[in-house]
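**Student:** Structure provided below as structure tokens; questions to follow.
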Amino acid sequence: MITWMQKHKKWLIITIWVSAIAFIGAGMVNWGSYGFSLSNDKIARVGEIDIRIPEYQRAYNATLREYGALFQSADMIDEAQARQLGIPQIALRGLIQQAQLRNFAHDLGLMVSDNEVAQAIIDAKVQVDEQGNFSPELYKAFLKQIGMSTSEFEEDVRNQLLVQKLLGLVNVNGVPSFVTPLEEHTLEMAYGINDRLMVKIIPISQIKTNIDEQEMRAFWELNAEQWKTPMEFEIEYIFVPFSAQHPTQEALQEHYENFKSDYLDENGHLMSIEQSMSKLTHDVQKLEAERAAKREYRDLKNGSKNGEKRIIKENEGFFIKRGIDLVVADMKAAQVGQVLQPIETDGGFVTLKLLGKKESINQTFEEAKDSVKVMYKHHKAKEGLTLLAKEQMENFVGTDIGFVNRFSQNAILTLNENEKSSFLSQVFHSRNPSGYVLFDDKVVLYRVLEQTYFTPDKGDTLVKNAKMGAIHDALIEYLNKMYKTTMYIDVSK
């Protein structure tokens with residue numbers, strides 16, 4: 001499943017971002033307030049549009065939720081899997097694509113009216129009473145629950161509708177209804193060409209490398225930016241754990257009565273307070289911890305209370321929320337002496353004062369030597385692998401895998417799906433009858449033994465789908481050129 005999702009990242013991003021109604025319906029995700037206190041809390045800027053950290057956190061949760069749906073449960077995706085899938089980067093990339101589309105829509109003069117926003121919220125049928133009518137009271141409770149103001153939420157809905165309106169114009173979400181005869185002929189030709197291939201895989205482990213100290217040092221000098229010391233931060237902090245809060249029965253009862261929609265079973269039926277007690281207790285502990293953390297923030301800021309002092313590194317993962325080190329993200333943009341408002345982490349809220357910070361610098365050769373050696377050996381091995389491939393590609397004896405086309409579903413020796421897709425793409429883009437495709441851990445030699453043409457039997461839909469993909473790729477390429485993206489925070493760390 002992980003491999004499949006990695007392969008389909010591009011289309012999953014579009015799936016996540018094109019539906020305004022899906023966005024509205026994501027209210028049951030714990031978006032909350034993430035405590036980013038900086039006035040300049042931008043994570044990126046795309047064209048004329050800023051992407052701010054709270055918006056990114058909501059996007060991260062929404063992306064995690066979408067991927068979790070493929071597993072049938074978001075709880076099945078742990079932090080390591082989220083990192084492996086690149087969910088932080090995917091969430092940000094989705095926001096960047098959305099911002100690009102919004103820039104484009106604004107340039108085209110597209111707008112979304114207040115009536116359209118209101119109708120979308122009503123049509124979502126999320127905040128309805130027992131009679132199925134829109135309830136202003138439930139709407140207010142919903143906004144309070146997700147930690148957003150009316151204006152923030154409705155602006156998000158407006159943005160989603162604007163993107164949806166633009167994509168409707170360029171027909172990215174659907175299959176193009178019309179294909180010209182020339183397009184049909186060209187695309188069918190591309191699908192119909194089949195090559196009979198001989199293939200041989202040479203693993204990188206067959207290449208023996210020798211370490212040349214001077215050459216390795218030159219390699220380090222050429223790639224010195226690859227090896228940096230982590231940023232260091234001296235902080236004074238106060239941590240308020242959720243578990244330290246002991247809510248009263250009255251507080252639990254009041255919260256249960258005010259937020260009953262939070263305590264439904266899998267069939268949508270209201271659970272009793274006893275059945276809800278575990279989640280209910282955690283929810284109230286979280287609220288009480290946040291209130292306590294705000295008091296600690298006030299005391300730390302006015303100097304009436306001291307916190308614990310320590311030095312942390314940016315790669316240490318000292319305070320984590322859903323796999324993201326929120327503290328480091330804030331401290332990179334903060335000024336020395338600044339006190340940050342409470343930031344939610346997995347275990348509680350942290351309030352901290354930035355006492356000092358040490359910027360990242362390039363490591364010396366001796367400091368980086370072990371890491372340099374690994375990368376240098378791999379670099380030398382790939383050079384050797386390339387030379388061997390060039391020597392053998394004209395006369396090698398390999399495995400005849402029969403006829404394949406660029407979209408063949410059959411297995412090719414030990415290549416995984418991603419490798420097979422890349423291999424076939426490069427083979428069918430090449431004009432040469434023989435060649436090689438280099439991967440990180442192997443090289444695949446190929447020779448075209450025979451070529452033929454089969455008439456595609458998938459009909460007009462195949463051609464339309466290919467045209468849709470071409471339109472999508474062209475649009476993304478255009479947006480990337482038109483709207484400059486400036487990054488302020490690296491979410492991959």
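Identifiers in this document derive from the order of the structure tokens: chains are assigned A, B, ..., residues are numbered from 1 separately in each chain, and ligands are numbered from 1 in order of occurrence.
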Env of A:Lys294: 12 Å cut, atoms = only C-alpha atoms, seq-sep filter 6 positions within chain, self excluded. Answer as a PyMOL selection string.

**Tutor:** chain A and resi 35+37+238-240+287-288+300-301+339-344+349-352

**Student:** Let me see the file: selected residues, N, CA and C atoms, as a short mmCIF file (atom, residue, chain, number, x, y, z; two decimals), in the first residue's frame.

**Tutor:**
data_model
loop_
_atom_site.label_atom_id
_atom_site.label_comp_id
_atom_site.auth_asym_id
_atom_site.auth_seq_id
_atom_site.Cartn_x
_atom_site.Cartn_y
_atom_site.Cartn_z
N GLY A 35 -0.94 27.13 17.99
CA GLY A 35 -0.08 27.93 18.85
C GLY A 35 0.96 28.75 18.15
N SER A 37 2.53 31.81 17.10
CA SER A 37 2.26 33.13 17.64
C SER A 37 2.91 34.24 16.84
N ILE A 238 8.48 26.07 29.54
CA ILE A 238 7.58 25.47 30.53
C ILE A 238 6.64 24.55 29.76
N PHE A 239 6.60 23.29 30.18
CA PHE A 239 5.76 22.30 29.51
C PHE A 239 4.57 21.94 30.41
N VAL A 240 3.38 22.00 29.83
CA VAL A 240 2.16 21.65 30.55
C VAL A 240 1.58 20.38 29.92
N LEU A 287 -8.11 20.99 26.82
CA LEU A 287 -8.60 22.36 27.00
C LEU A 287 -8.03 22.99 28.27
N GLU A 288 -8.00 22.21 29.34
CA GLU A 288 -7.48 22.74 30.61
C GLU A 288 -5.97 22.96 30.53
N LEU A 300 5.93 33.72 32.14
CA LEU A 300 7.27 33.66 31.54
C LEU A 300 7.61 34.97 30.85
N LYS A 301 6.62 35.57 30.23
CA LYS A 301 6.85 36.80 29.49
C LYS A 301 7.13 37.98 30.41
N VAL A 339 9.22 35.51 23.35
CA VAL A 339 8.48 34.46 24.05
C VAL A 339 7.35 34.00 23.13
N LEU A 340 7.32 32.73 22.83
CA LEU A 340 6.31 32.18 21.93
C LEU A 340 5.09 31.74 22.71
N GLN A 341 3.92 32.02 22.16
CA GLN A 341 2.69 31.58 22.80
C GLN A 341 2.63 30.05 22.81
N PRO A 342 1.77 29.47 23.65
CA PRO A 342 1.73 28.01 23.80
C PRO A 342 1.57 27.29 22.46
N ILE A 343 2.39 26.26 22.30
CA ILE A 343 2.37 25.44 21.10
C ILE A 343 1.94 24.03 21.50
N GLU A 344 0.95 23.49 20.79
CA GLU A 344 0.48 22.15 21.10
C GLU A 344 1.43 21.10 20.55
N PHE A 349 1.15 21.19 26.03
CA PHE A 349 1.47 22.50 25.46
C PHE A 349 2.81 22.98 26.01
N VAL A 350 3.62 23.58 25.13
CA VAL A 350 4.89 24.13 25.55
C VAL A 350 4.91 25.62 25.28
N THR A 351 5.39 26.37 26.27
CA THR A 351 5.64 27.80 26.12
C THR A 351 7.13 28.01 26.29
N LEU A 352 7.74 28.78 25.41
CA LEU A 352 9.19 28.92 25.52
C LEU A 352 9.65 30.31 25.15
#

**Student:** Which polymer residues have any atom within 10 Å of an atom of A:Thr452, counting only C-alpha atoms, with same-chain residues fewer than 3 positions away left out, as a list in words?

**Tutor:**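 Near A:Thr452, the qualifying residues are Gly192, Ile193, Asn194, Asp195, Arg196, Phe403, Val404 and Asn405 of chain A.
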
**Student:** In Å, with one decimal, what is the gap from atom CA of A:Lys484 to atom CA of A:Arg45?

**Tutor:**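 Separation between atom CA of A:Lys484 and atom CA of A:Arg45: 8.0 Å.
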
**Student:** Residues near A:Gln285, anyone? I mean within 10 Å using only C-alpha atoms, not counting same-chain ones fewer than 6 positions away, as a list in words.

**Tutor:**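 My list of contacting residues is Pro241, Phe242, Ser243, Ala244, Gln245, His246, Pro247, Ala251, Leu252, Lys279, Arg291 and Gly348 of chain A.
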
**Student:** A:Glu391, A:Glu232, A:Asp212, A:Glu66: which is nearest A:Leu445, counting only C-alpha atoms?

**Tutor:**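 Counting only C-alpha atoms, the residue closest to A:Leu445 is A:Glu391.
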
**Student:** When DSSP works through the backbone of this structure, what residues of stretch 278-338 of chain A end up as strand (DSSP E or B), shown as a ChimeraX atom specification?

**Tutor:** /A:308-313,321,324

**Student:** Keeping only C-alpha atoms, write the selected residues to a file as an mmCIF file, in the first residue's frame.

**Tutor:**
data_model
loop_
_atom_site.group_PDB
_atom_site.id
_atom_site.type_symbol
_atom_site.label_atom_id
_atom_site.label_comp_id
_atom_site.auth_asym_id
_atom_site.auth_seq_id
_atom_site.Cartn_x
_atom_site.Cartn_y
_atom_site.Cartn_z
ATOM 1 C CA GLU A 308 13.723 25.030 32.453
ATOM 2 C CA LYS A 309 16.725 25.890 30.292
ATOM 3 C CA ARG A 310 18.329 23.661 27.706
ATOM 4 C CA ILE A 311 19.885 23.616 24.235
ATOM 5 C CA ILE A 312 18.104 21.699 21.491
ATOM 6 C CA LYS A 313 19.094 20.914 17.914
ATOM 7 C CA LYS A 321 2.934 17.219 16.882
ATOM 8 C CA ILE A 324 6.121 17.878 12.712
#

**Student:** How many Å lie between atom CA of A:Lys377 and atom CA of A:Thr209, rounded to one decimal?

**Tutor:**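 A separation of 6.6 Å between them.
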
**Student:** Set the distance at 10 Å and use only C-alpha atoms: which residues neighbour A:Glu154 once local chain neighbours fewer than 5 positions away are removed? I'd like the list as an mmCIF file with C-alpha atoms, in the first residue's frame.

**Tutor:**
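Full text of around.cif as output:
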data_model
loop_
_atom_site.group_PDB
_atom_site.id
_atom_site.type_symbol
_atom_site.label_atom_id
_atom_site.label_comp_id
_atom_site.auth_asym_id
_atom_site.auth_seq_id
_atom_site.Cartn_x
_atom_site.Cartn_y
_atom_site.Cartn_z
ATOM 1 C CA ILE A 24 -15.949 21.379 4.493
ATOM 2 C CA ASP A 114 -20.887 35.355 -0.662
ATOM 3 C CA VAL A 117 -20.011 30.334 -0.158
ATOM 4 C CA ALA A 118 -23.188 30.221 1.935
ATOM 5 C CA ALA A 120 -21.793 25.437 -0.363
ATOM 6 C CA ILE A 121 -21.827 25.364 3.441
ATOM 7 C CA MET A 148 -11.453 28.722 13.353
ATOM 8 C CA SER A 149 -13.299 32.011 13.168
ATOM 9 C CA ASN A 159 -10.739 29.549 -1.924
ATOM 10 C CA GLN A 160 -11.778 25.943 -2.504
#

**Student:** Got a sec: who's within 8 Å of A:Leu166, counting only C-alpha atoms, leaving out chain neighbours fewer than 4 positions off, as a short mmCIF file (atom, residue, chain, number, x, y, z; two decimals) with C-alpha atoms, in the first residue's frame?

**Tutor:**
data_model
loop_
_atom_site.label_atom_id
_atom_site.label_comp_id
_atom_site.auth_asym_id
_atom_site.auth_seq_id
_atom_site.Cartn_x
_atom_site.Cartn_y
_atom_site.Cartn_z
CA LEU A 101 -4.55 27.90 -9.16
CA ALA A 105 -8.11 32.31 -11.24
CA LEU A 110 -12.85 34.64 -11.59
CA LEU A 162 -12.55 29.31 -6.64
CA VAL A 170 -10.13 23.72 -17.96
#

**Student:** I'd like the contact shell of A:Asn103 - 12 Å cut-off, only C-alpha atoms, skipping same-chain residues fewer than 4 positions apart - returned as a PyMOL selection string.

**Tutor:** chain A and resi 45-50+96-99+107-111+159+162-163+166+479-480+482-485

**Student:** Between atom CA of A:Lys140 and atom CA of A:Lys260, what distance in Å does the model show, to one decimal?

**Tutor:**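 If I compute the distance from atom CA of A:Lys140 to atom CA of A:Lys260, I get 13.9 Å.
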
**Student:** Nearest residue to A:Lys481 out of A:Asn61, A:Gln100, A:Gln164, A:Thr281, using only C-alpha atoms?

**Tutor:**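 Of A:Asn61, A:Gln100, A:Gln164, A:Thr281, the one nearest A:Lys481, counting only C-alpha atoms, is A:Gln100.
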
**Student:** Give me, as a tab-separated table, the closest atom pair and its distance (Å, one decimal) for every residue of stretch 204-296 of chain A within a cut-off of 8 Å of stretch 381-386 of chain A, counting only C-alpha atoms, rows sorted by chain and rising number.

**Tutor:**
residue	atom	partner	partner_atom	distance
A:Ile204	CA	A:Leu385	CA	6.4
A:Ile207	CA	A:Ala381	CA	5.8
A:Lys208	CA	A:Ala381	CA	7.0
A:Thr209	CA	A:Ala381	CA	6.2
